[in-house]
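Asks: Enclosed is the structure file structure-v6.csv (CSV, C-alpha atoms).
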chain,number,residue,atom,x,y,z
A,16,MET,CA,240.0,207.5,33.9
A,17,MET,CA,239.9,205.3,31.0
A,18,SER,CA,238.3,202.6,33.0
A,19,HIS,CA,235.8,205.1,34.0
A,20,ILE,CA,235.0,206.0,30.4
A,21,LYS,CA,234.9,202.4,29.5
A,22,THR,CA,232.4,201.7,32.3
A,23,GLU,CA,230.2,204.5,31.1
A,24,GLU,CA,230.4,203.2,27.6
A,25,GLU,CA,229.7,199.8,28.8
A,26,LEU,CA,226.8,201.1,30.8
A,27,ASP,CA,225.5,202.8,27.8
A,28,ILE,CA,225.8,199.7,25.7
A,29,PHE,CA,224.3,197.7,28.6
A,30,ASN,CA,221.5,200.3,28.9
A,31,LYS,CA,221.0,200.2,25.2
A,32,SER,CA,221.1,196.5,25.2
A,33,ILE,CA,218.5,196.4,28.0
A,34,ASN,CA,216.3,198.8,26.1
A,35,ASP,CA,216.8,196.8,23.0
A,36,PHE,CA,215.9,193.7,24.9
A,37,TRP,CA,212.9,195.4,26.5
A,38,ASN,CA,211.7,196.7,23.2
A,39,ARG,CA,212.2,193.4,21.5
A,40,PHE,CA,210.5,191.6,24.4
A,41,ARG,CA,207.7,194.1,24.5
A,42,ASN,CA,207.1,194.0,20.8
A,43,THR,CA,207.1,190.3,20.5
A,44,THR,CA,206.0,188.6,23.6
A,45,LEU,CA,204.1,191.3,25.3
A,46,ASN,CA,202.4,192.3,22.0
A,47,GLU,CA,201.3,188.8,21.5
A,48,HIS,CA,200.2,188.5,25.0
A,49,TYR,CA,198.6,191.9,25.0
A,50,SER,CA,196.5,191.1,22.0
A,51,GLN,CA,195.7,187.8,23.5
A,52,VAL,CA,194.6,189.5,26.7
A,53,VAL,CA,192.8,192.2,24.8
A,54,GLY,CA,191.2,189.6,22.7
A,55,LEU,CA,190.3,187.7,25.8
A,56,ARG,CA,188.9,190.8,27.4
A,57,ASP,CA,186.8,191.6,24.4
A,58,THR,CA,185.5,188.1,24.2
A,59,TYR,CA,184.8,188.2,27.9
A,60,LYS,CA,183.1,191.6,27.4
A,61,ASP,CA,180.9,190.1,24.6
A,62,SER,CA,179.9,187.1,26.5
A,63,THR,CA,179.1,189.1,29.6
A,64,GLU,CA,177.0,191.3,27.5
A,65,ALA,CA,175.2,188.4,25.9
A,66,LEU,CA,174.8,186.7,29.3
A,67,THR,CA,173.5,189.9,30.8
A,68,GLU,CA,171.0,190.2,28.0
A,69,ARG,CA,169.9,186.6,28.3
A,70,LEU,CA,169.6,186.9,32.0
A,71,SER,CA,167.7,190.1,31.7
A,72,THR,CA,165.3,188.6,29.2
A,73,LYS,CA,164.9,185.6,31.5
A,74,ILE,CA,164.2,187.8,34.5
A,75,LYS,CA,161.6,189.7,32.5
A,76,GLU,CA,160.0,186.4,31.4
A,77,GLU,CA,159.9,185.1,34.9
A,78,ASP,CA,158.4,188.4,36.2
A,79,ARG,CA,155.8,188.0,33.5
A,80,MET,CA,155.2,184.5,34.6
A,81,VAL,CA,154.8,185.5,38.2
A,82,GLU,CA,152.5,188.3,37.2
A,83,THR,CA,150.4,186.0,35.0
A,84,PHE,CA,150.4,183.5,37.8
A,85,LEU,CA,149.1,186.1,40.3
A,86,GLU,CA,146.5,187.2,37.8
A,87,PHE,CA,145.3,183.7,37.5
A,88,ARG,CA,145.2,183.3,41.2
A,89,ASN,CA,143.3,186.5,41.7
A,90,LYS,CA,140.8,185.5,39.0
A,91,ILE,CA,140.4,182.1,40.6
A,92,HIS,CA,139.8,183.7,43.9
A,93,ILE,CA,137.2,186.2,42.6
A,94,GLN,CA,135.4,183.5,40.5
A,95,ASN,CA,135.3,181.1,43.5
A,96,LYS,CA,133.6,183.8,45.5
A,97,LEU,CA,131.1,184.3,42.7
A,98,ILE,CA,130.5,180.6,42.5
A,99,GLN,CA,129.8,180.5,46.1
A,100,GLU,CA,127.3,183.4,45.8
A,101,LYS,CA,125.6,181.8,42.9
A,102,GLN,CA,125.5,178.5,44.6
A,103,ASP,CA,123.7,180.1,47.5
A,104,ASN,CA,121.2,181.8,45.1
A,105,LEU,CA,120.7,178.5,43.4
A,106,SER,CA,119.9,176.8,46.6
A,107,LYS,CA,117.4,179.4,47.5
A,108,LEU,CA,115.7,179.1,44.1
A,109,VAL,CA,115.6,175.4,44.4
A,110,ASP,CA,113.8,175.7,47.7
A,111,SER,CA,111.5,178.3,46.3
A,112,ILE,CA,110.7,176.0,43.4
A,113,ARG,CA,110.0,173.1,45.7
A,114,GLU,CA,107.6,175.3,47.7
A,115,LYS,CA,105.8,176.5,44.6
A,116,GLU,CA,105.4,172.9,43.3
A,117,TRP,CA,103.9,171.9,46.6
A,118,GLU,CA,101.5,174.8,46.6
A,119,MET,CA,100.5,174.0,43.0
A,120,GLU,CA,99.7,170.5,44.0
A,121,LYS,CA,97.6,171.7,46.8
A,122,LEU,CA,95.8,174.3,44.7
A,123,THR,CA,95.2,171.8,41.9
A,124,LYS,CA,93.6,169.5,44.3
A,125,SER,CA,91.5,172.3,45.8
A,126,ILE,CA,90.4,173.3,42.4
A,127,GLN,CA,89.5,169.8,41.4
A,128,ASP,CA,87.5,169.2,44.6
A,129,LEU,CA,85.7,172.5,44.2
A,130,LYS,CA,84.9,171.8,40.6
A,131,GLU,CA,83.5,168.4,41.5
A,132,SER,CA,81.4,169.8,44.3
A,133,LEU,CA,80.1,172.7,42.2
A,134,ASP,CA,79.2,170.3,39.4
A,135,LYS,CA,77.2,168.1,41.8
A,136,LYS,CA,75.5,171.2,43.3
A,137,LYS,CA,74.7,172.5,39.8
A,138,GLU,CA,73.1,169.2,39.0
A,139,ILE,CA,71.0,169.2,42.1
A,140,ILE,CA,69.9,172.8,41.8
A,141,SER,CA,69.1,172.3,38.1
A,142,THR,CA,66.9,169.3,38.8
A,143,ALA,CA,65.2,171.0,41.7
A,144,ASN,CA,64.7,174.1,39.7
A,145,LYS,CA,63.2,172.2,36.8
A,146,ALA,CA,60.8,170.4,39.0
A,147,ASN,CA,59.9,173.7,40.7
A,148,LYS,CA,59.3,175.5,37.5
A,149,GLU,CA,57.1,172.6,36.3
A,150,LYS,CA,55.1,172.8,39.5
A,151,LEU,CA,54.8,176.5,39.4
A,152,LYS,CA,53.7,176.3,35.7
A,153,MET,CA,50.9,174.0,36.7
A,154,LEU,CA,50.0,176.0,39.8
A,155,GLN,CA,49.8,179.2,37.6
A,156,LYS,CA,47.6,177.4,35.1
A,157,SER,CA,45.3,176.4,37.9
A,158,TYR,CA,45.3,179.8,39.5
A,159,ASP,CA,44.5,181.5,36.1
A,160,LEU,CA,41.6,179.2,35.5
A,161,TYR,CA,40.1,179.8,38.9
A,162,LYS,CA,40.6,183.5,38.7
A,163,ASP,CA,39.2,183.9,35.2
A,164,HIS,CA,36.3,181.6,35.5
A,165,LEU,CA,35.2,182.3,39.0
A,166,GLY,CA,36.0,186.0,38.7
A,167,LEU,CA,37.8,185.8,42.0
A,168,GLU,CA,41.4,186.7,42.7
A,169,ILE,CA,42.9,185.5,46.0
A,170,ARG,CA,46.3,186.8,47.2
A,171,LYS,CA,48.4,187.2,50.2
A,172,ILE,CA,49.1,190.7,51.4
A,173,TYR,CA,50.9,192.4,54.3
A,174,GLY,CA,50.0,191.6,57.9
A,175,GLY,CA,49.3,187.9,57.2
A,176,LYS,CA,46.1,188.8,55.4
A,177,LEU,CA,44.4,187.3,52.4
A,178,GLN,CA,42.8,189.6,50.0
A,179,PHE,CA,39.8,188.5,47.9
A,180,ILE,CA,39.0,190.5,44.8
A,181,PHE,CA,35.8,189.8,42.9
A,182,ARG,CA,35.2,190.9,39.4
A,183,LYS,CA,32.5,190.4,36.9
A,184,ILE,CA,30.1,191.6,39.6
A,185,ASP,CA,28.9,194.9,38.0
A,186,PRO,CA,27.4,194.1,34.6
A,187,LYS,CA,28.2,197.6,33.5
A,188,ALA,CA,31.8,197.3,34.6
A,189,PRO,CA,33.0,193.7,34.7
A,190,GLU,CA,36.6,194.6,35.6
A,191,LYS,CA,35.6,196.7,38.6
A,192,PRO,CA,37.0,195.1,41.7
A,193,PHE,CA,35.0,194.3,44.8
A,194,THR,CA,37.4,193.4,47.6
A,195,PHE,CA,37.8,192.5,51.2
A,196,SER,CA,40.6,191.2,53.4
A,197,LEU,CA,40.7,188.4,55.9
A,198,ARG,CA,43.0,187.1,58.5
A,199,ILE,CA,43.0,184.7,61.5
A,200,ASN,CA,43.5,186.8,64.6
A,201,GLU,CA,45.4,186.0,67.8
A,202,GLU,CA,42.3,184.2,69.2
A,203,GLY,CA,42.2,182.0,66.1
A,204,ASP,CA,39.0,183.7,64.8
A,205,TYR,CA,38.3,184.9,61.3
A,206,GLU,CA,38.7,188.7,61.1
A,207,ILE,CA,37.3,190.5,58.1
A,208,SER,CA,38.4,194.0,57.2
A,209,ASP,CA,38.9,196.5,54.5
A,210,SER,CA,35.9,195.9,52.3
A,211,ALA,CA,35.7,198.1,49.2
A,212,PRO,CA,33.0,199.0,48.5
A,213,HIS,CA,31.7,198.8,52.1
A,214,LEU,CA,29.3,196.0,52.9
A,215,GLU,CA,26.9,196.3,55.9
A,216,CYS,CA,26.3,192.7,56.2
A,217,LEU,CA,30.0,191.8,56.6
A,218,ALA,CA,29.9,192.0,60.4
A,219,GLU,CA,26.9,189.5,60.3
A,220,PHE,CA,28.8,187.3,57.9
A,221,GLN,CA,31.8,187.3,60.2
A,222,GLU,CA,29.7,186.1,63.1
A,223,LYS,CA,28.2,183.3,60.9
A,224,ILE,CA,31.6,182.1,59.7
A,225,ARG,CA,33.1,182.2,63.1
A,226,LYS,CA,30.2,180.0,64.2
A,227,THR,CA,29.9,177.6,61.3
A,228,ASN,CA,33.3,177.8,59.7
A,229,LYS,CA,31.6,177.4,56.3
A,230,PHE,CA,34.1,179.3,54.2
A,231,SER,CA,32.6,178.5,50.8
A,232,ALA,CA,29.1,179.6,51.9
A,233,PHE,CA,30.7,182.8,53.3
A,234,LEU,CA,32.4,183.6,50.0
A,235,ALA,CA,29.3,182.8,48.0
A,236,ASN,CA,27.2,185.1,50.2
A,237,VAL,CA,29.7,187.9,50.1
A,238,ARG,CA,29.6,187.7,46.3
A,239,LYS,CA,25.9,187.8,46.4
A,240,ALA,CA,25.9,190.9,48.6
A,241,PHE,CA,28.4,192.6,46.3
A,242,ILE,CA,26.1,191.8,43.3
A,243,ALA,CA,23.1,193.2,45.1
A,244,LEU,CA,25.1,196.3,46.0
A,245,ALA,CA,26.1,196.8,42.4
A,246,CYS,CA,22.5,196.2,41.2
A,247,ASN,CA,21.1,198.7,43.7
A,248,GLU,CA,23.5,201.2,42.3
A,249,CYS,CA,22.3,200.4,38.9
A,250,VAL,CA,18.7,200.9,40.0
A,251,ASN,CA,19.6,204.1,41.8
A,252,SER,CA,21.5,205.5,38.9
A,253,VAL,CA,18.4,205.0,36.8
B,13,MET,CA,163.6,176.0,39.4
B,14,GLU,CA,162.5,177.5,36.1
B,15,GLU,CA,160.7,174.3,35.3
B,16,ASP,CA,159.0,174.5,38.7
B,17,VAL,CA,157.7,178.0,38.0
B,18,ALA,CA,156.6,177.1,34.5
B,19,GLN,CA,154.8,174.0,35.8
B,20,LYS,CA,153.1,176.0,38.6
B,21,LEU,CA,151.9,178.5,36.0
B,22,ILE,CA,150.5,175.8,33.8
B,23,ASP,CA,148.7,174.2,36.7
B,24,GLU,CA,147.3,177.5,37.8
B,25,GLU,CA,146.1,178.3,34.3
B,26,GLU,CA,144.4,174.9,34.2
B,27,THR,CA,142.7,175.6,37.5
B,28,ALA,CA,141.6,179.0,36.3
B,29,GLN,CA,140.1,177.4,33.2
B,30,TYR,CA,138.4,174.8,35.3
B,31,VAL,CA,137.0,177.4,37.7
B,32,GLU,CA,135.8,179.6,34.8
B,33,SER,CA,134.0,176.7,33.2
B,34,LYS,CA,132.5,175.8,36.6
B,35,LEU,CA,131.3,179.4,36.9
B,36,GLN,CA,129.7,179.3,33.5
B,37,LYS,CA,128.0,176.1,34.3
B,38,ILE,CA,126.5,177.4,37.5
B,39,GLU,CA,125.5,180.7,35.8
B,40,SER,CA,123.6,178.7,33.1
B,41,GLU,CA,122.0,176.5,35.8
B,42,LEU,CA,121.0,179.6,37.8
B,43,GLN,CA,119.5,181.1,34.6
B,44,LYS,CA,117.5,178.0,33.9
B,45,THR,CA,116.3,177.6,37.5
B,46,SER,CA,115.4,181.2,37.7
B,47,GLU,CA,113.3,180.9,34.6
B,48,LYS,CA,111.6,177.8,36.0
B,49,ASP,CA,110.8,179.7,39.2
B,50,ALA,CA,109.3,182.6,37.3
B,51,SER,CA,107.3,180.2,35.1
B,52,LEU,CA,106.0,178.4,38.2
B,53,LYS,CA,105.1,181.7,39.8
B,54,ALA,CA,103.0,182.6,36.7
B,55,ASP,CA,101.4,179.1,36.8
B,56,LEU,CA,100.5,179.6,40.5
B,57,HIS,CA,99.0,183.0,39.7
B,58,LEU,CA,96.8,181.4,37.0
B,59,LEU,CA,95.7,178.7,39.4
B,60,MET,CA,94.9,181.1,42.1
B,61,LYS,CA,92.8,183.1,39.6
B,62,GLU,CA,91.0,179.9,38.6
B,63,LEU,CA,90.3,179.1,42.2
B,64,GLU,CA,89.0,182.6,42.8
B,65,GLU,CA,86.7,182.3,39.8
B,66,LEU,CA,85.5,179.0,41.1
B,67,LYS,CA,84.8,180.5,44.5
B,68,GLU,CA,82.8,183.3,42.8
B,69,MET,CA,80.9,180.7,40.9
B,70,GLU,CA,80.2,179.0,44.2
B,71,GLN,CA,78.8,182.2,45.6
B,72,ASP,CA,76.5,182.6,42.5
B,73,LEU,CA,75.5,179.0,42.8
B,74,THR,CA,74.6,179.5,46.5
B,75,LYS,CA,72.5,182.5,45.6
B,76,THR,CA,70.7,180.4,42.9
B,77,GLU,CA,70.3,177.7,45.5
B,78,GLY,CA,68.6,180.2,47.8
B,79,GLU,CA,66.3,181.2,45.1
B,80,VAL,CA,65.3,177.7,44.3
B,81,ASP,CA,64.9,177.0,48.0
B,82,GLU,CA,62.6,180.0,48.3
B,83,ASP,CA,60.5,178.6,45.5
B,84,SER,CA,60.4,175.2,47.2
B,85,THR,CA,59.7,176.4,50.7
B,86,VAL,CA,57.8,179.6,50.2
B,87,VAL,CA,56.4,180.3,46.7
B,88,ILE,CA,55.2,176.9,45.9
B,89,PRO,CA,53.6,176.1,49.3
B,90,SER,CA,51.9,179.5,49.1
B,91,ALA,CA,50.6,178.9,45.6
B,92,VAL,CA,49.5,175.4,46.7
B,93,TYR,CA,47.6,176.8,49.6
B,94,VAL,CA,45.7,179.3,47.4
B,95,SER,CA,45.0,176.6,44.9
B,96,GLN,CA,43.6,174.3,47.6
B,97,LEU,CA,41.5,177.2,48.9
B,98,TYR,CA,40.0,177.7,45.5
B,99,HIS,CA,39.3,174.0,45.3
B,100,ARG,CA,37.8,173.9,48.8
B,101,VAL,CA,35.5,176.8,48.0
B,102,SER,CA,34.4,176.0,44.5
B,103,LYS,CA,34.7,172.2,44.6
B,104,ILE,CA,35.9,172.4,41.0
B,105,GLU,CA,38.6,170.4,39.4
B,106,TRP,CA,39.7,171.7,36.1
B,107,ASP,CA,40.6,169.8,32.9
B,108,TYR,CA,44.0,171.3,31.9
B,109,GLU,CA,44.2,169.4,28.6
B,110,CYS,CA,41.2,170.9,26.8
B,111,GLU,CA,41.3,173.5,24.1
B,112,PRO,CA,41.8,177.1,25.2
B,113,THR,CA,38.3,178.1,24.2
B,114,VAL,CA,36.7,175.3,26.2
B,115,ILE,CA,35.9,175.5,29.9
B,116,LYS,CA,35.9,172.0,31.2
B,117,GLY,CA,36.1,170.4,34.6
B,118,ILE,CA,34.3,168.5,37.3
B,119,HIS,CA,32.3,170.0,40.1
B,120,HIS,CA,32.5,167.7,43.2
B,121,GLY,CA,29.1,168.3,44.7
B,122,PRO,CA,28.1,166.9,48.1
B,123,ASN,CA,26.5,163.9,46.6
B,124,ILE,CA,27.4,163.6,43.0
B,125,ALA,CA,30.2,164.9,40.7
B,126,GLN,CA,28.9,167.1,38.0
B,127,PRO,CA,30.8,167.8,34.7
B,128,ILE,CA,31.3,171.3,33.6
B,129,HIS,CA,31.6,172.0,29.9
B,130,PHE,CA,31.2,175.4,28.2
B,131,ASP,CA,32.3,176.9,25.0
B,132,SER,CA,33.7,180.2,26.1
B,133,THR,CA,32.9,181.9,22.8
B,134,GLN,CA,29.2,181.2,23.4
B,135,HIS,CA,28.8,182.8,26.8
B,136,SER,CA,29.8,186.0,28.6
B,137,LYS,CA,32.4,185.8,31.3
B,138,LYS,CA,29.8,187.0,33.8
B,139,PHE,CA,27.5,184.2,32.8
B,140,ILE,CA,30.1,181.6,33.5
B,141,SER,CA,31.1,183.2,36.7
B,142,ASP,CA,27.6,183.4,38.0
B,143,TYR,CA,26.9,179.8,37.0
B,144,LEU,CA,30.0,178.4,38.7
B,145,TRP,CA,29.1,180.4,41.9
B,146,SER,CA,25.6,179.1,41.7
B,147,LEU,CA,27.0,175.6,42.3
B,148,VAL,CA,28.3,176.8,45.7
B,149,ASP,CA,26.0,176.3,48.6
B,150,THR,CA,25.1,179.5,50.3
B,151,GLN,CA,23.5,177.8,53.3
B,152,TRP,CA,25.3,178.5,56.5
Please rewrite the model in this file as C-alpha cells.

Replies:
Amino acid sequence: MMSHIKTEEELDIFNKSINDFWNRFRNTTLNEHYSQVVGLRDTYKDSTEALTERLSTKIKEEDRMVETFLEFRNKIHIQNKLIQEKQDNLSKLVDSIREKEWEMEKLTKSIQDLKESLDKKKEIISTANKANKEKLKMLQKSYDLYKDHLGLEIRKIYGGKLQFIFRKIDPKAPEKPFTFSLRINEEGDYEISDSAPHLECLAEFQEKIRKTNKFSAFLANVRKAFIALACNECVNSV
Amino acid sequence: MEEDVAQKLIDEEETAQYVESKLQKIESELQKTSEKDASLKADLHLLMKELEELKEMEQDLTKTEGEVDEDSTVVIPSAVYVSQLYHRVSKIEWDYECEPTVIKGIHHGPNIAQPIHFDSTQHSKKFISDYLWSLVDTQW
C-alpha cells in the first residue's frame, strides 16, 4: 500500500512537473514562437493586402490601356473610312474641275472667234451702210429737184405699176394732182390706166407710144392734155 | 508584357494622330477643291452668258445686214431707175452745188446742151415747170 501511495504521489509530482514543464515551455518557447508566427502572419497579411492593391491597380490600369487602345483603333477605323470617302469625292471634284477647265477653254475660243467675226461683219456693214446712205442722199436730192421743178412725181405702186403725178397744172390749184398709172403688160406693151381726172386722149396716146416708144413725148403730151383739161374747166366755170 | 502593351498603346496613339492629321489635310483639300469647282462653275456661267449675248448681237447684226442689203439691192436700184427715167424724159442734169434759191442745170438737147439758170424767187413754180416741159419735144 505504501508503494501505491508513493506511486500516486510520484505521479502527481510527475504530472505537476509535466504541467510545470509544459507551462514553462509554452510560456517561453511557444510564446516566442507564437508571436513570431503571429508577427509573420500579420506581415504576410499586410504584404498580401499591399500586393493585392497593387495588382488591382495594375489590372485597372491595364484595362484602361486596353480600352484606350480599342478606342484609338476604332477611331482610326472610322477615320480611315472617312478618308476613303473624301478621297473619292476629291477625285470626282478633280475630274469635274478638269472638265470645266476644258469647257472654259472651248467657250473662250468660241467667244473670241465670234467677237472677231462680228467685228469684221460690223465693219463691212458699216462701210456699206455709209456708202448706201450717201448714195440715197444724192438720189433723194436728185428726186426732189426733178419733182419740184418739173412738177412731176414718179413712184412705184402695187401691181408693178408706175404712177405719174403732175402738179402745177391747174393755175388756180397748183397742188392739185393729175395722175395716171403705167405698166408693161405680159405682151411687153405699155399699158396705161387709172387716170384721174379722166383723159379721153389717153387711149390714142397709148397707141402712139406703143408704136414710137417716145416716152418723153408721151409724158409731155399727157401734161399738155391735163393743162388743157384744167383750162377748159376754168373757162367752163366762168 | 506590360512594356509590350504600353508600347502598342503608344504606337496606336501615334497612328491615330497620323490618321487624324491625314483626315484634316484631306478635308481642307476637299474644301479648297470644292470652292475652286464652284468658282469655275460661276465663271462658266458668265462665259455662257457672254456667248449668248454675242449670239444675240449676231442676230441683230444679221438683221441690220439684211436692211443694208435691201437698200443695196432694192431701194437704191429702184431710186436709180426713177432718177434715170426723169433724166431720160427731161434731158436735164442738175447742178447740186448751187444755192438753194437758184435753179441751175444743163438741158441736153438733141443737138446742143443748153444751160438752165433761174432765180426761184423771181418766178412762180408753175412758170419754171412750164418752161422745163417746153424743152421736151412733143413730136411723136

Asks: Hey, list the chain B side of the contact with chain A: 6 Å cut-off, all atoms listed in the file, answer as a list in words.

Replies: Leu21, Ala28, Leu35, Leu42, Asp49, Leu63, Val80, Val101, Lys138, Ser141, Asp149 and Thr150 of chain B

Asks: Go ahead and write the residues just picked, C-alpha atoms, as a short mmCIF file (atom, residue, chain, number, x, y, z; two decimals), in the coordinates of the input.

Replies:
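Dumped everything to out_33.cif:
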data_model
loop_
_atom_site.label_atom_id
_atom_site.label_comp_id
_atom_site.auth_asym_id
_atom_site.auth_seq_id
_atom_site.Cartn_x
_atom_site.Cartn_y
_atom_site.Cartn_z
CA LEU B 21 151.90 178.50 36.00
CA ALA B 28 141.60 179.00 36.30
CA LEU B 35 131.30 179.40 36.90
CA LEU B 42 121.00 179.60 37.80
CA ASP B 49 110.80 179.70 39.20
CA LEU B 63 90.30 179.10 42.20
CA VAL B 80 65.30 177.70 44.30
CA VAL B 101 35.50 176.80 48.00
CA LYS B 138 29.80 187.00 33.80
CA SER B 141 31.10 183.20 36.70
CA ASP B 149 26.00 176.30 48.60
CA THR B 150 25.10 179.50 50.30
#

Asks: Report, in Å with one decimal, the straight-line distance from atom CA of A:Arg225 to atom CA of A:Ala245.

Replies: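 Value for the atom CA of A:Arg225-atom CA of A:Ala245 distance: 26.3 Å.
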
Asks: Go ahead and compute the interatomic distance for atom CA of A:Ala188 and atom CA of B:His99, in Å to one decimal.

Replies: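 Computing the Euclidean distance for atom CA of A:Ala188 and atom CA of B:His99 yields 26.7 Å.
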
Asks: Any chance you could model N, CA, C and O atoms for stretch 178-197 of chain A and send them as a PDB file, keeping the file's coordinate frame?

Replies:
ATOM      1  N   GLN A 178      43.691 188.645  50.598  1.00  0.00           N
ATOM      2  CA  GLN A 178      42.800 189.600  50.000  1.00  0.00           C
ATOM      3  C   GLN A 178      41.960 188.891  48.912  1.00  0.00           C
ATOM      4  O   GLN A 178      42.502 188.104  48.126  1.00  0.00           O
ATOM      5  N   PHE A 179      40.666 189.140  48.921  1.00  0.00           N
ATOM      6  CA  PHE A 179      39.800 188.500  47.900  1.00  0.00           C
ATOM      7  C   PHE A 179      39.250 189.616  47.028  1.00  0.00           C
ATOM      8  O   PHE A 179      38.677 190.604  47.515  1.00  0.00           O
ATOM      9  N   ILE A 180      39.447 189.445  45.721  1.00  0.00           N
ATOM     10  CA  ILE A 180      39.000 190.500  44.800  1.00  0.00           C
ATOM     11  C   ILE A 180      38.029 189.848  43.787  1.00  0.00           C
ATOM     12  O   ILE A 180      38.394 188.986  42.979  1.00  0.00           O
ATOM     13  N   PHE A 181      36.789 190.264  43.878  1.00  0.00           N
ATOM     14  CA  PHE A 181      35.800 189.800  42.900  1.00  0.00           C
ATOM     15  C   PHE A 181      35.694 190.714  41.754  1.00  0.00           C
ATOM     16  O   PHE A 181      35.782 191.938  41.891  1.00  0.00           O
ATOM     17  N   ARG A 182      35.558 190.107  40.591  1.00  0.00           N
ATOM     18  CA  ARG A 182      35.200 190.900  39.400  1.00  0.00           C
ATOM     19  C   ARG A 182      34.042 190.266  38.718  1.00  0.00           C
ATOM     20  O   ARG A 182      33.531 189.245  39.178  1.00  0.00           O
ATOM     21  N   LYS A 183      33.640 190.865  37.602  1.00  0.00           N
ATOM     22  CA  LYS A 183      32.500 190.400  36.900  1.00  0.00           C
ATOM     23  C   LYS A 183      31.239 190.442  37.800  1.00  0.00           C
ATOM     24  O   LYS A 183      30.339 189.618  37.737  1.00  0.00           O
ATOM     25  N   ILE A 184      31.250 191.445  38.677  1.00  0.00           N
ATOM     26  CA  ILE A 184      30.100 191.600  39.600  1.00  0.00           C
ATOM     27  C   ILE A 184      29.156 192.660  38.994  1.00  0.00           C
ATOM     28  O   ILE A 184      27.969 192.422  38.882  1.00  0.00           O
ATOM     29  N   ASP A 185      29.751 193.774  38.613  1.00  0.00           N
ATOM     30  CA  ASP A 185      28.900 194.900  38.000  1.00  0.00           C
ATOM     31  C   ASP A 185      28.807 194.602  36.535  1.00  0.00           C
ATOM     32  O   ASP A 185      29.791 194.635  35.797  1.00  0.00           O
ATOM     33  N   PRO A 186      27.582 194.345  36.071  1.00  0.00           N
ATOM     34  CA  PRO A 186      27.400 194.100  34.600  1.00  0.00           C
ATOM     35  C   PRO A 186      27.857 195.216  33.757  1.00  0.00           C
ATOM     36  O   PRO A 186      28.274 194.999  32.633  1.00  0.00           O
ATOM     37  N   LYS A 187      27.772 196.429  34.332  1.00  0.00           N
ATOM     38  CA  LYS A 187      28.200 197.600  33.500  1.00  0.00           C
ATOM     39  C   LYS A 187      29.706 197.730  33.474  1.00  0.00           C
ATOM     40  O   LYS A 187      30.256 198.281  32.519  1.00  0.00           O
ATOM     41  N   ALA A 188      30.358 197.232  34.537  1.00  0.00           N
ATOM     42  CA  ALA A 188      31.800 197.300  34.600  1.00  0.00           C
ATOM     43  C   ALA A 188      32.412 196.041  35.116  1.00  0.00           C
ATOM     44  O   ALA A 188      32.680 195.904  36.316  1.00  0.00           O
ATOM     45  N   PRO A 189      32.584 195.072  34.246  1.00  0.00           N
ATOM     46  CA  PRO A 189      33.000 193.700  34.700  1.00  0.00           C
ATOM     47  C   PRO A 189      34.376 193.704  35.360  1.00  0.00           C
ATOM     48  O   PRO A 189      34.647 192.829  36.155  1.00  0.00           O
ATOM     49  N   GLU A 190      35.215 194.667  34.996  1.00  0.00           N
ATOM     50  CA  GLU A 190      36.600 194.600  35.600  1.00  0.00           C
ATOM     51  C   GLU A 190      36.628 195.345  36.911  1.00  0.00           C
ATOM     52  O   GLU A 190      37.671 195.345  37.574  1.00  0.00           O
ATOM     53  N   LYS A 191      35.523 195.965  37.329  1.00  0.00           N
ATOM     54  CA  LYS A 191      35.600 196.700  38.600  1.00  0.00           C
ATOM     55  C   LYS A 191      35.749 195.737  39.751  1.00  0.00           C
ATOM     56  O   LYS A 191      35.025 194.749  39.873  1.00  0.00           O
ATOM     57  N   PRO A 192      36.748 196.029  40.612  1.00  0.00           N
ATOM     58  CA  PRO A 192      37.000 195.100  41.700  1.00  0.00           C
ATOM     59  C   PRO A 192      36.137 195.361  42.919  1.00  0.00           C
ATOM     60  O   PRO A 192      35.825 196.503  43.236  1.00  0.00           O
ATOM     61  N   PHE A 193      35.729 194.261  43.551  1.00  0.00           N
ATOM     62  CA  PHE A 193      35.000 194.300  44.800  1.00  0.00           C
ATOM     63  C   PHE A 193      35.800 193.501  45.793  1.00  0.00           C
ATOM     64  O   PHE A 193      35.903 192.287  45.640  1.00  0.00           O
ATOM     65  N   THR A 194      36.402 194.146  46.789  1.00  0.00           N
ATOM     66  CA  THR A 194      37.400 193.400  47.600  1.00  0.00           C
ATOM     67  C   THR A 194      37.092 193.448  49.074  1.00  0.00           C
ATOM     68  O   THR A 194      36.376 194.321  49.582  1.00  0.00           O
ATOM     69  N   PHE A 195      37.714 192.505  49.760  1.00  0.00           N
ATOM     70  CA  PHE A 195      37.800 192.500  51.200  1.00  0.00           C
ATOM     71  C   PHE A 195      39.020 191.739  51.639  1.00  0.00           C
ATOM     72  O   PHE A 195      39.551 190.957  50.843  1.00  0.00           O
ATOM     73  N   SER A 196      39.426 191.957  52.881  1.00  0.00           N
ATOM     74  CA  SER A 196      40.600 191.200  53.400  1.00  0.00           C
ATOM     75  C   SER A 196      40.161 190.357  54.577  1.00  0.00           C
ATOM     76  O   SER A 196      39.180 190.639  55.256  1.00  0.00           O
ATOM     77  N   LEU A 197      40.998 189.343  54.815  1.00  0.00           N
ATOM     78  CA  LEU A 197      40.700 188.400  55.900  1.00  0.00           C
ATOM     79  C   LEU A 197      41.933 187.908  56.543  1.00  0.00           C
ATOM     80  O   LEU A 197      42.946 187.718  55.884  1.00  0.00           O
TER      81      LEU A 197
END
